[in-house]
Amino acid sequence: MGMVDVHELVTAARTYRRFDERAEVPGDLLRRWVDCARLAPCAQNRQALRYAIVDGPRTCAAVFASLKWAAALPDWVGPEPGERPRAYVVICAEGVGPLTPMDVGIAAQTIKLAAQADGFGSCMFKSYARDGIARAIGLDASRYDVQLVMAFGRPAERVVVEPMGEDANVFDYWRDDAGVHHVPKRSLADVLIETPAD
């Protein structure tokens, strides 16, 4: 196994919202990414998360119709045909408890990094029509609760990290005239809490 530069991988694993819809996301890779999440740590080792893989065109279209895209870009309703995701993973919970959101976050980031390592981009959604997602994937809503939707494809846009501006409360992303997506991030110095020296 080769060495992975985790910092480089995390830096590259941006949120992508436009994809090359001609590029298939192989089902064996989707299953491999979910398997990575299965092996990741979880609270109390309860393993309460379940995963629905969606890669058929009709089901993908039904999932797409239930998603809400890019709150910070109010004039953009989502990717055009040809730029839409080619696959999804719907993360569900069988029984929701106080630690479920932590498990979902760990699983989603694990899947995201695995996809990025294989050259695919992703977008995580917490904003969606829950009933629409459940109908699209034939979910037994009495047993499973939709927690997060992840979209996948070959990125068809450039996303760059920018230093946070002087107003640390302005963190909205934006697109420039060339369609490049800009994401402001705080500096390392801004997020580190100083502790007493020994």
# chains A, B, ... in the order shown; residues from 1 in each chain; ligands from 1
$ residues_around --residues "stretch 6-17 of chain A" --least-positions-apart "5" --cutoff "10 Å" --atoms "only C-alpha atoms" --output "CSV table (one decimal) with all heavy atoms, in the first residue's frame"
chain,number,residue,atom,x,y,z
A,69,TRP,N,-30.3,22.6,-3.4
A,69,TRP,CA,-28.9,22.9,-3.7
A,69,TRP,C,-28.5,24.2,-3.2
A,69,TRP,O,-29.1,25.2,-3.5
A,69,TRP,CB,-28.7,22.8,-5.2
A,69,TRP,CG,-28.9,21.4,-5.7
A,69,TRP,CD1,-30.0,20.7,-6.0
A,69,TRP,CD2,-27.8,20.5,-6.0
A,69,TRP,NE1,-29.7,19.5,-6.5
A,69,TRP,CE2,-28.4,19.3,-6.5
A,69,TRP,CE3,-26.4,20.6,-6.0
A,69,TRP,CZ2,-27.6,18.2,-6.9
A,69,TRP,CZ3,-25.7,19.5,-6.4
A,69,TRP,CH2,-26.3,18.3,-6.8
A,70,ALA,N,-27.3,24.3,-2.6
A,70,ALA,CA,-26.5,25.5,-2.4
A,70,ALA,C,-27.3,26.7,-1.9
A,70,ALA,O,-27.6,27.7,-2.6
A,70,ALA,CB,-25.8,25.9,-3.8
A,78,GLY,N,-29.5,24.5,-9.1
A,78,GLY,CA,-28.9,23.2,-9.1
A,78,GLY,C,-28.2,22.9,-10.5
A,78,GLY,O,-28.4,23.7,-11.4
A,79,PRO,N,-27.5,21.8,-10.6
A,79,PRO,CA,-26.8,21.6,-11.8
A,79,PRO,C,-27.8,21.3,-13.0
A,79,PRO,O,-28.9,20.7,-12.8
A,79,PRO,CB,-26.0,20.3,-11.5
A,79,PRO,CG,-26.6,19.7,-10.3
A,79,PRO,CD,-27.3,20.8,-9.6
A,83,GLU,N,-24.7,17.8,-16.0
A,83,GLU,CA,-23.8,18.2,-14.8
A,83,GLU,C,-24.3,17.6,-13.5
A,83,GLU,O,-23.8,17.9,-12.5
A,83,GLU,CB,-23.8,19.7,-14.7
A,83,GLU,CG,-23.2,20.5,-15.8
A,83,GLU,CD,-23.2,22.0,-15.5
A,83,GLU,OE1,-24.0,22.5,-14.8
A,83,GLU,OE2,-22.3,22.6,-16.1
A,84,ARG,N,-25.3,16.7,-13.6
A,84,ARG,CA,-25.9,16.2,-12.4
A,84,ARG,C,-25.2,14.9,-11.9
A,84,ARG,O,-24.4,14.3,-12.6
A,84,ARG,CB,-27.4,15.8,-12.7
A,84,ARG,CG,-28.2,17.1,-13.0
A,84,ARG,CD,-29.6,16.9,-13.3
A,84,ARG,NE,-30.3,18.1,-13.5
A,84,ARG,CZ,-31.5,18.3,-14.0
A,84,ARG,NH1,-32.2,17.2,-14.3
A,84,ARG,NH2,-32.0,19.5,-14.1
A,85,PRO,N,-25.3,14.6,-10.6
A,85,PRO,CA,-24.6,13.4,-10.0
A,85,PRO,C,-25.0,12.1,-10.8
A,85,PRO,O,-26.1,12.0,-11.3
A,85,PRO,CB,-25.1,13.4,-8.6
A,85,PRO,CG,-25.6,14.8,-8.3
A,85,PRO,CD,-26.1,15.3,-9.6
A,109,GLN,N,-17.8,11.5,6.1
A,109,GLN,CA,-16.5,12.0,5.8
A,109,GLN,C,-15.6,10.9,5.4
A,109,GLN,O,-14.7,11.0,4.4
A,109,GLN,CB,-15.8,12.7,7.0
A,109,GLN,CG,-14.5,13.4,6.7
A,109,GLN,CD,-14.6,14.6,5.7
A,109,GLN,OE1,-15.6,14.9,5.2
A,109,GLN,NE2,-13.4,15.2,5.5
A,112,LYS,N,-16.6,10.2,1.8
A,112,LYS,CA,-16.1,11.4,1.0
A,112,LYS,C,-14.6,11.2,0.6
A,112,LYS,O,-14.2,11.4,-0.5
A,112,LYS,CB,-16.4,12.7,1.7
A,112,LYS,CG,-16.0,13.9,0.9
A,112,LYS,CD,-16.4,15.2,1.6
A,112,LYS,CE,-16.3,16.4,0.7
A,112,LYS,NZ,-17.2,16.4,-0.4
A,113,LEU,N,-13.8,10.9,1.7
A,113,LEU,CA,-12.4,10.8,1.4
A,113,LEU,C,-12.0,9.6,0.6
A,113,LEU,O,-11.1,9.6,-0.3
A,113,LEU,CB,-11.6,10.7,2.8
A,113,LEU,CG,-11.7,12.0,3.6
A,113,LEU,CD1,-11.0,11.8,5.0
A,113,LEU,CD2,-11.0,13.2,2.8
A,114,ALA,N,-12.8,8.5,0.8
A,114,ALA,CA,-12.6,7.3,-0.1
A,114,ALA,C,-12.9,7.6,-1.5
A,114,ALA,O,-12.2,7.2,-2.4
A,114,ALA,CB,-13.4,6.1,0.4
A,115,ALA,N,-14.0,8.3,-1.8
A,115,ALA,CA,-14.4,8.7,-3.1
A,115,ALA,C,-13.3,9.6,-3.7
A,115,ALA,O,-12.9,9.4,-4.9
A,115,ALA,CB,-15.7,9.4,-3.1
A,116,GLN,N,-12.8,10.6,-3.0
A,116,GLN,CA,-11.8,11.5,-3.4
A,116,GLN,C,-10.5,10.8,-3.8
A,116,GLN,O,-9.9,11.0,-4.8
A,116,GLN,CB,-11.5,12.6,-2.4
A,116,GLN,CG,-10.6,13.7,-2.9
A,116,GLN,CD,-11.2,14.5,-4.0
A,116,GLN,OE1,-12.4,14.9,-3.9
A,116,GLN,NE2,-10.5,14.9,-5.0
A,117,ALA,N,-10.2,9.8,-3.0
A,117,ALA,CA,-8.9,9.0,-3.3
A,117,ALA,C,-9.1,8.3,-4.6
A,117,ALA,O,-8.0,8.0,-5.2
A,117,ALA,CB,-8.7,8.1,-2.1
A,119,GLY,N,-10.7,9.5,-7.2
A,119,GLY,CA,-10.9,10.5,-8.2
A,119,GLY,C,-12.3,10.9,-8.5
A,119,GLY,O,-12.6,11.5,-9.5
A,120,PHE,N,-13.2,10.7,-7.5
A,120,PHE,CA,-14.6,11.2,-7.6
A,120,PHE,C,-14.9,12.3,-6.6
A,120,PHE,O,-14.4,12.2,-5.5
A,120,PHE,CB,-15.5,10.0,-7.4
A,120,PHE,CG,-15.5,9.0,-8.6
A,120,PHE,CD1,-14.6,8.0,-8.6
A,120,PHE,CD2,-16.3,9.2,-9.7
A,120,PHE,CE1,-14.6,7.1,-9.7
A,120,PHE,CE2,-16.3,8.3,-10.8
A,120,PHE,CZ,-15.4,7.3,-10.8
A,121,GLY,N,-15.7,13.2,-7.0
A,121,GLY,CA,-16.1,14.3,-6.1
A,121,GLY,C,-17.5,13.9,-5.5
A,121,GLY,O,-18.2,13.0,-6.0
A,122,SER,N,-17.8,14.7,-4.5
A,122,SER,CA,-19.1,14.4,-3.8
A,122,SER,C,-19.7,15.7,-3.2
A,122,SER,O,-19.0,16.7,-3.1
A,122,SER,CB,-18.8,13.4,-2.6
A,122,SER,OG,-17.9,13.9,-1.7
A,123,CYS,N,-20.9,15.6,-2.8
A,123,CYS,CA,-21.6,16.7,-2.2
A,123,CYS,C,-22.5,16.1,-1.1
A,123,CYS,O,-23.3,15.1,-1.4
A,123,CYS,CB,-22.5,17.5,-3.2
A,123,CYS,SG,-23.3,18.9,-2.5
A,124,MET,N,-22.5,16.6,0.1
A,124,MET,CA,-23.3,16.1,1.2
A,124,MET,C,-24.6,17.0,1.3
A,124,MET,O,-24.5,18.2,1.3
A,124,MET,CB,-22.6,16.1,2.5
A,124,MET,CG,-21.4,15.2,2.6
A,124,MET,SD,-20.6,15.3,4.2
A,124,MET,CE,-19.0,14.7,3.9
A,151,ALA,N,-24.0,12.8,-2.9
A,151,ALA,CA,-24.0,12.7,-4.4
A,151,ALA,C,-22.6,12.5,-4.9
A,151,ALA,O,-21.7,13.1,-4.3
A,151,ALA,CB,-24.6,14.0,-5.0
A,152,PHE,N,-22.5,11.8,-6.0
A,152,PHE,CA,-21.1,11.5,-6.5
A,152,PHE,C,-21.0,11.6,-8.0
A,152,PHE,O,-22.0,11.4,-8.7
A,152,PHE,CB,-20.7,10.0,-6.1
A,152,PHE,CG,-20.7,9.8,-4.7
A,152,PHE,CD1,-21.8,9.3,-4.0
A,152,PHE,CD2,-19.6,10.1,-3.9
A,152,PHE,CE1,-21.8,9.0,-2.7
A,152,PHE,CE2,-19.5,9.9,-2.6
A,152,PHE,CZ,-20.6,9.3,-1.9
A,153,GLY,N,-19.9,12.0,-8.5
A,153,GLY,CA,-19.6,12.0,-9.9
A,153,GLY,C,-18.2,12.5,-10.1
A,153,GLY,O,-17.5,12.9,-9.2
A,154,ARG,N,-17.8,12.6,-11.4
A,154,ARG,CA,-16.5,13.2,-11.7
A,154,ARG,C,-16.7,14.7,-11.7
A,154,ARG,O,-17.6,15.2,-12.4
A,154,ARG,CB,-16.1,12.8,-13.1
A,154,ARG,CG,-15.6,11.3,-13.2
A,154,ARG,CD,-14.2,11.1,-12.9
A,154,ARG,NE,-13.8,9.7,-13.1
A,154,ARG,CZ,-12.8,9.1,-12.5
A,154,ARG,NH1,-12.2,9.7,-11.6
A,154,ARG,NH2,-12.5,7.9,-12.8
A,155,PRO,N,-15.9,15.4,-10.9
A,155,PRO,CA,-16.1,16.9,-10.8
A,155,PRO,C,-16.0,17.5,-12.2
A,155,PRO,O,-15.2,17.2,-13.0
A,155,PRO,CB,-15.0,17.3,-9.9
A,155,PRO,CG,-14.7,16.1,-9.1
A,155,PRO,CD,-14.9,15.0,-10.0
A,156,ALA,N,-16.9,18.5,-12.4
A,156,ALA,CA,-16.9,19.3,-13.7
A,156,ALA,C,-16.9,20.8,-13.3
A,156,ALA,O,-17.4,21.6,-14.0
A,156,ALA,CB,-18.1,19.0,-14.5
A,157,GLU,N,-16.2,21.1,-12.2
A,157,GLU,CA,-16.0,22.5,-11.8
A,157,GLU,C,-14.7,22.6,-11.0
A,157,GLU,O,-14.2,21.6,-10.5
A,157,GLU,CB,-17.2,23.0,-11.0
A,157,GLU,CG,-17.4,22.3,-9.7
A,157,GLU,CD,-18.6,22.9,-8.9
A,157,GLU,OE1,-19.0,24.0,-9.2
A,157,GLU,OE2,-19.0,22.2,-8.0
A,158,ARG,N,-14.2,23.8,-10.9
A,158,ARG,CA,-13.0,24.0,-10.1
A,158,ARG,C,-13.5,24.7,-8.8
A,158,ARG,O,-14.2,25.6,-8.8
A,158,ARG,CB,-12.1,25.0,-10.9
A,158,ARG,CG,-10.8,25.2,-10.2
A,158,ARG,CD,-9.7,25.8,-11.1
A,158,ARG,NE,-8.6,26.3,-10.3
A,158,ARG,CZ,-8.2,27.5,-10.1
A,158,ARG,NH1,-8.8,28.5,-10.8
A,158,ARG,NH2,-7.2,27.8,-9.4
A,159,VAL,N,-13.0,24.1,-7.7
A,159,VAL,CA,-13.3,24.6,-6.4
A,159,VAL,C,-12.0,25.0,-5.7
A,159,VAL,O,-11.1,24.1,-5.6
A,159,VAL,CB,-14.1,23.6,-5.5
A,159,VAL,CG1,-14.4,24.2,-4.1
A,159,VAL,CG2,-15.4,23.2,-6.2
A,160,VAL,N,-11.9,26.2,-5.2
A,160,VAL,CA,-10.7,26.7,-4.6
A,160,VAL,C,-10.9,27.1,-3.1
A,160,VAL,O,-12.0,27.7,-2.9
A,160,VAL,CB,-10.0,27.8,-5.4
A,160,VAL,CG1,-9.5,27.3,-6.7
A,160,VAL,CG2,-10.9,29.0,-5.5
A,161,VAL,N,-10.0,26.9,-2.3
A,161,VAL,CA,-10.0,27.4,-0.9
A,161,VAL,C,-9.4,28.8,-0.8
A,161,VAL,O,-8.3,29.0,-1.4
A,161,VAL,CB,-9.3,26.4,0.1
A,161,VAL,CG1,-9.2,27.0,1.5
A,161,VAL,CG2,-10.0,25.1,0.1
A,181,HIS,N,-15.6,28.1,-8.2
A,181,HIS,CA,-16.3,28.1,-6.9
A,181,HIS,C,-15.3,28.4,-5.8
A,181,HIS,O,-14.3,27.7,-5.7
A,181,HIS,CB,-17.0,26.7,-6.6
A,181,HIS,CG,-18.0,26.7,-5.5
A,181,HIS,ND1,-19.3,27.0,-5.7
A,181,HIS,CD2,-17.8,26.4,-4.2
A,181,HIS,CE1,-19.9,26.9,-4.6
A,181,HIS,NE2,-19.0,26.5,-3.6
A,183,VAL,N,-14.3,29.0,-1.7
A,183,VAL,CA,-14.7,28.6,-0.4
A,183,VAL,C,-13.8,29.2,0.7
A,183,VAL,O,-12.6,28.8,0.7
A,183,VAL,CB,-14.7,27.0,-0.2
A,183,VAL,CG1,-15.2,26.6,1.2
A,183,VAL,CG2,-15.5,26.3,-1.3
$ select_by_dssp --residues "stretch 83-171 of chain A" --states "alpha helix (DSSP H)" --output "number ranges by chain"
A: 100-117, 130-137
$ write_last_selection --atoms "N, CA and C atoms" --output "PDB file, in the first residue's frame"
ATOM      1  N   THR A 100     -26.217   9.650  17.164  1.00  0.00           N
ATOM      2  CA  THR A 100     -26.372   9.346  15.744  1.00  0.00           C
ATOM      3  C   THR A 100     -25.730  10.406  14.844  1.00  0.00           C
ATOM      4  N   PRO A 101     -25.920  11.708  15.098  1.00  0.00           N
ATOM      5  CA  PRO A 101     -25.285  12.698  14.214  1.00  0.00           C
ATOM      6  C   PRO A 101     -23.766  12.565  14.147  1.00  0.00           C
ATOM      7  N   MET A 102     -23.135  12.191  15.251  1.00  0.00           N
ATOM      8  CA  MET A 102     -21.693  11.990  15.249  1.00  0.00           C
ATOM      9  C   MET A 102     -21.328  10.820  14.336  1.00  0.00           C
ATOM     10  N   ASP A 103     -22.067   9.723  14.449  1.00  0.00           N
ATOM     11  CA  ASP A 103     -21.809   8.569  13.595  1.00  0.00           C
ATOM     12  C   ASP A 103     -21.988   8.916  12.124  1.00  0.00           C
ATOM     13  N   VAL A 104     -23.037   9.683  11.814  1.00  0.00           N
ATOM     14  CA  VAL A 104     -23.300  10.074  10.429  1.00  0.00           C
ATOM     15  C   VAL A 104     -22.146  10.917   9.891  1.00  0.00           C
ATOM     16  N   GLY A 105     -21.655  11.851  10.701  1.00  0.00           N
ATOM     17  CA  GLY A 105     -20.543  12.690  10.272  1.00  0.00           C
ATOM     18  C   GLY A 105     -19.280  11.886   9.996  1.00  0.00           C
ATOM     19  N   ILE A 106     -18.987  10.950  10.875  1.00  0.00           N
ATOM     20  CA  ILE A 106     -17.804  10.098  10.678  1.00  0.00           C
ATOM     21  C   ILE A 106     -17.956   9.262   9.413  1.00  0.00           C
ATOM     22  N   ALA A 107     -19.119   8.662   9.232  1.00  0.00           N
ATOM     23  CA  ALA A 107     -19.348   7.814   8.058  1.00  0.00           C
ATOM     24  C   ALA A 107     -19.282   8.630   6.771  1.00  0.00           C
ATOM     25  N   ALA A 108     -19.926   9.793   6.769  1.00  0.00           N
ATOM     26  CA  ALA A 108     -19.965  10.613   5.558  1.00  0.00           C
ATOM     27  C   ALA A 108     -18.579  11.104   5.167  1.00  0.00           C
ATOM     28  N   GLN A 109     -17.798  11.549   6.132  1.00  0.00           N
ATOM     29  CA  GLN A 109     -16.452  12.021   5.804  1.00  0.00           C
ATOM     30  C   GLN A 109     -15.571  10.858   5.351  1.00  0.00           C
ATOM     31  N   THR A 110     -15.757   9.694   5.925  1.00  0.00           N
ATOM     32  CA  THR A 110     -15.004   8.520   5.493  1.00  0.00           C
ATOM     33  C   THR A 110     -15.328   8.196   4.038  1.00  0.00           C
ATOM     34  N   ILE A 111     -16.609   8.190   3.698  1.00  0.00           N
ATOM     35  CA  ILE A 111     -17.023   7.925   2.315  1.00  0.00           C
ATOM     36  C   ILE A 111     -16.480   9.001   1.377  1.00  0.00           C
ATOM     37  N   LYS A 112     -16.569  10.248   1.802  1.00  0.00           N
ATOM     38  CA  LYS A 112     -16.096  11.366   0.964  1.00  0.00           C
ATOM     39  C   LYS A 112     -14.609  11.223   0.648  1.00  0.00           C
ATOM     40  N   LEU A 113     -13.815  10.919   1.656  1.00  0.00           N
ATOM     41  CA  LEU A 113     -12.373  10.783   1.440  1.00  0.00           C
ATOM     42  C   LEU A 113     -12.047   9.563   0.580  1.00  0.00           C
ATOM     43  N   ALA A 114     -12.791   8.478   0.771  1.00  0.00           N
ATOM     44  CA  ALA A 114     -12.573   7.296  -0.061  1.00  0.00           C
ATOM     45  C   ALA A 114     -12.897   7.601  -1.518  1.00  0.00           C
ATOM     46  N   ALA A 115     -13.987   8.317  -1.751  1.00  0.00           N
ATOM     47  CA  ALA A 115     -14.353   8.694  -3.123  1.00  0.00           C
ATOM     48  C   ALA A 115     -13.300   9.609  -3.729  1.00  0.00           C
ATOM     49  N   GLN A 116     -12.841  10.578  -2.957  1.00  0.00           N
ATOM     50  CA  GLN A 116     -11.821  11.501  -3.449  1.00  0.00           C
ATOM     51  C   GLN A 116     -10.534  10.758  -3.812  1.00  0.00           C
ATOM     52  N   ALA A 117     -10.156   9.804  -2.987  1.00  0.00           N
ATOM     53  CA  ALA A 117      -8.949   9.025  -3.257  1.00  0.00           C
ATOM     54  C   ALA A 117      -9.061   8.254  -4.571  1.00  0.00           C
ATOM     55  N   ARG A 130     -37.501  14.724   2.785  1.00  0.00           N
ATOM     56  CA  ARG A 130     -37.304  13.394   3.376  1.00  0.00           C
ATOM     57  C   ARG A 130     -38.251  12.347   2.781  1.00  0.00           C
ATOM     58  N   ASP A 131     -39.527  12.700   2.637  1.00  0.00           N
ATOM     59  CA  ASP A 131     -40.494  11.743   2.084  1.00  0.00           C
ATOM     60  C   ASP A 131     -40.161  11.406   0.638  1.00  0.00           C
ATOM     61  N   GLY A 132     -39.688  12.409  -0.109  1.00  0.00           N
ATOM     62  CA  GLY A 132     -39.319  12.163  -1.502  1.00  0.00           C
ATOM     63  C   GLY A 132     -38.147  11.211  -1.623  1.00  0.00           C
ATOM     64  N   ILE A 133     -37.147  11.386  -0.761  1.00  0.00           N
ATOM     65  CA  ILE A 133     -35.999  10.474  -0.769  1.00  0.00           C
ATOM     66  C   ILE A 133     -36.456   9.065  -0.401  1.00  0.00           C
ATOM     67  N   ALA A 134     -37.268   8.955   0.643  1.00  0.00           N
ATOM     68  CA  ALA A 134     -37.749   7.637   1.081  1.00  0.00           C
ATOM     69  C   ALA A 134     -38.523   6.941  -0.034  1.00  0.00           C
ATOM     70  N   ARG A 135     -39.385   7.684  -0.730  1.00  0.00           N
ATOM     71  CA  ARG A 135     -40.142   7.088  -1.843  1.00  0.00           C
ATOM     72  C   ARG A 135     -39.210   6.667  -2.976  1.00  0.00           C
ATOM     73  N   ALA A 136     -38.247   7.517  -3.283  1.00  0.00           N
ATOM     74  CA  ALA A 136     -37.348   7.246  -4.411  1.00  0.00           C
ATOM     75  C   ALA A 136     -36.581   5.941  -4.226  1.00  0.00           C
ATOM     76  N   ILE A 137     -36.174   5.660  -2.985  1.00  0.00           N
ATOM     77  CA  ILE A 137     -35.344   4.468  -2.761  1.00  0.00           C
ATOM     78  C   ILE A 137     -36.139   3.309  -2.163  1.00  0.00           C
TER      79      ILE A 137
END
$ select_by_dssp --residues "stretch 15-51 of chain A" --states "strand (DSSP E or B)" --output "mmCIF file with N, CA, C and O atoms, in the first residue's frame"
data_model
loop_
_atom_site.group_PDB
_atom_site.id
_atom_site.type_symbol
_atom_site.label_atom_id
_atom_site.label_comp_id
_atom_site.auth_asym_id
_atom_site.auth_seq_id
_atom_site.Cartn_x
_atom_site.Cartn_y
_atom_site.Cartn_z
ATOM 1 N N THR A 15 -16.551 20.273 -1.672
ATOM 2 C CA THR A 15 -17.923 19.986 -2.055
ATOM 3 C C THR A 15 -18.080 20.360 -3.524
ATOM 4 O O THR A 15 -17.911 21.529 -3.886
ATOM 5 N N PHE A 19 -21.026 17.982 -12.074
ATOM 6 C CA PHE A 19 -20.310 16.760 -12.422
ATOM 7 C C PHE A 19 -20.378 16.511 -13.925
ATOM 8 O O PHE A 19 -21.238 17.046 -14.618
ATOM 9 N N ASP A 20 -19.479 15.676 -14.417
ATOM 10 C CA ASP A 20 -19.542 15.207 -15.797
ATOM 11 C C ASP A 20 -20.469 14.002 -15.809
ATOM 12 O O ASP A 20 -20.079 12.898 -15.421
ATOM 13 N N LEU A 49 -26.056 2.566 11.511
ATOM 14 C CA LEU A 49 -26.260 3.186 10.203
ATOM 15 C C LEU A 49 -26.443 2.127 9.119
ATOM 16 O O LEU A 49 -25.856 1.046 9.169
ATOM 17 N N ARG A 50 -27.283 2.482 8.135
ATOM 18 C CA ARG A 50 -27.513 1.647 6.964
ATOM 19 C C ARG A 50 -27.349 2.551 5.734
ATOM 20 O O ARG A 50 -27.532 3.752 5.805
ATOM 21 N N TYR A 51 -27.027 1.942 4.591
ATOM 22 C CA TYR A 51 -26.650 2.718 3.415
ATOM 23 C C TYR A 51 -27.403 2.203 2.190
ATOM 24 O O TYR A 51 -27.384 1.014 1.898
#
$ closest_residue --among "A:Ala178, A:Ala87, A:Cys60, A:Leu67" --to "A:Arg31" --atoms "only C-alpha atoms"
A:Ala87
$ atom_distance --atom1 "atom CA of A:Gly95" --atom2 "atom CA of A:Val63"
22.6 Å
$ closest_residue --among "A:Leu99, A:Val146, A:Val191, A:Ala197" --to "A:Gln44" --atoms "only C-alpha atoms"
A:Leu99
$ atom_distance --atom1 "atom CA of A:Pro81" --atom2 "atom CA of A:Met150"
18.3 Å
$ residues_around --residues "A:Leu148" --least-positions-apart "5" --cutoff "9 Å" --atoms "only C-alpha atoms" --output "mmCIF file with N, CA and C atoms, in the first residue's frame"
data_model
loop_
_atom_site.group_PDB
_atom_site.id
_atom_site.type_symbol
_atom_site.label_atom_id
_atom_site.label_comp_id
_atom_site.auth_asym_id
_atom_site.auth_seq_id
_atom_site.Cartn_x
_atom_site.Cartn_y
_atom_site.Cartn_z
ATOM 1 N N VAL A 89 -25.350 7.928 -2.276
ATOM 2 C CA VAL A 89 -25.448 7.043 -1.124
ATOM 3 C C VAL A 89 -26.347 7.763 -0.120
ATOM 4 N N VAL A 90 -27.415 7.101 0.275
ATOM 5 C CA VAL A 90 -28.326 7.656 1.279
ATOM 6 C C VAL A 90 -27.986 6.977 2.605
ATOM 7 N N ILE A 91 -27.559 7.793 3.569
ATOM 8 C CA ILE A 91 -27.206 7.256 4.887
ATOM 9 C C ILE A 91 -28.451 7.300 5.766
ATOM 10 N N CYS A 92 -28.813 6.161 6.296
ATOM 11 C CA CYS A 92 -30.008 6.027 7.137
ATOM 12 C C CYS A 92 -29.605 5.483 8.501
ATOM 13 N N VAL A 104 -23.037 9.683 11.814
ATOM 14 C CA VAL A 104 -23.300 10.074 10.429
ATOM 15 C C VAL A 104 -22.146 10.917 9.891
ATOM 16 N N ALA A 108 -19.926 9.793 6.769
ATOM 17 C CA ALA A 108 -19.965 10.613 5.558
ATOM 18 C C ALA A 108 -18.579 11.104 5.167
ATOM 19 N N MET A 124 -22.492 16.577 0.100
ATOM 20 C CA MET A 124 -23.343 16.072 1.180
ATOM 21 C C MET A 124 -24.579 16.955 1.305
ATOM 22 N N PHE A 125 -25.731 16.328 1.492
ATOM 23 C CA PHE A 125 -27.002 17.051 1.625
ATOM 24 C C PHE A 125 -27.682 16.709 2.948
ATOM 25 N N LYS A 126 -28.010 17.758 3.688
ATOM 26 C CA LYS A 126 -28.907 17.612 4.834
ATOM 27 C C LYS A 126 -30.232 18.303 4.525
ATOM 28 N N SER A 127 -30.247 19.031 3.420
ATOM 29 C CA SER A 127 -31.448 19.755 3.006
ATOM 30 C C SER A 127 -32.098 19.000 1.837
ATOM 31 N N TYR A 128 -33.201 18.335 2.140
ATOM 32 C CA TYR A 128 -33.884 17.517 1.135
ATOM 33 C C TYR A 128 -35.304 17.237 1.609
#
$ closest_residue --among "A:Asp190, A:Asp140, A:Glu21, A:Asp167" --to "A:Glu80" --atoms "only C-alpha atoms"
A:Glu21
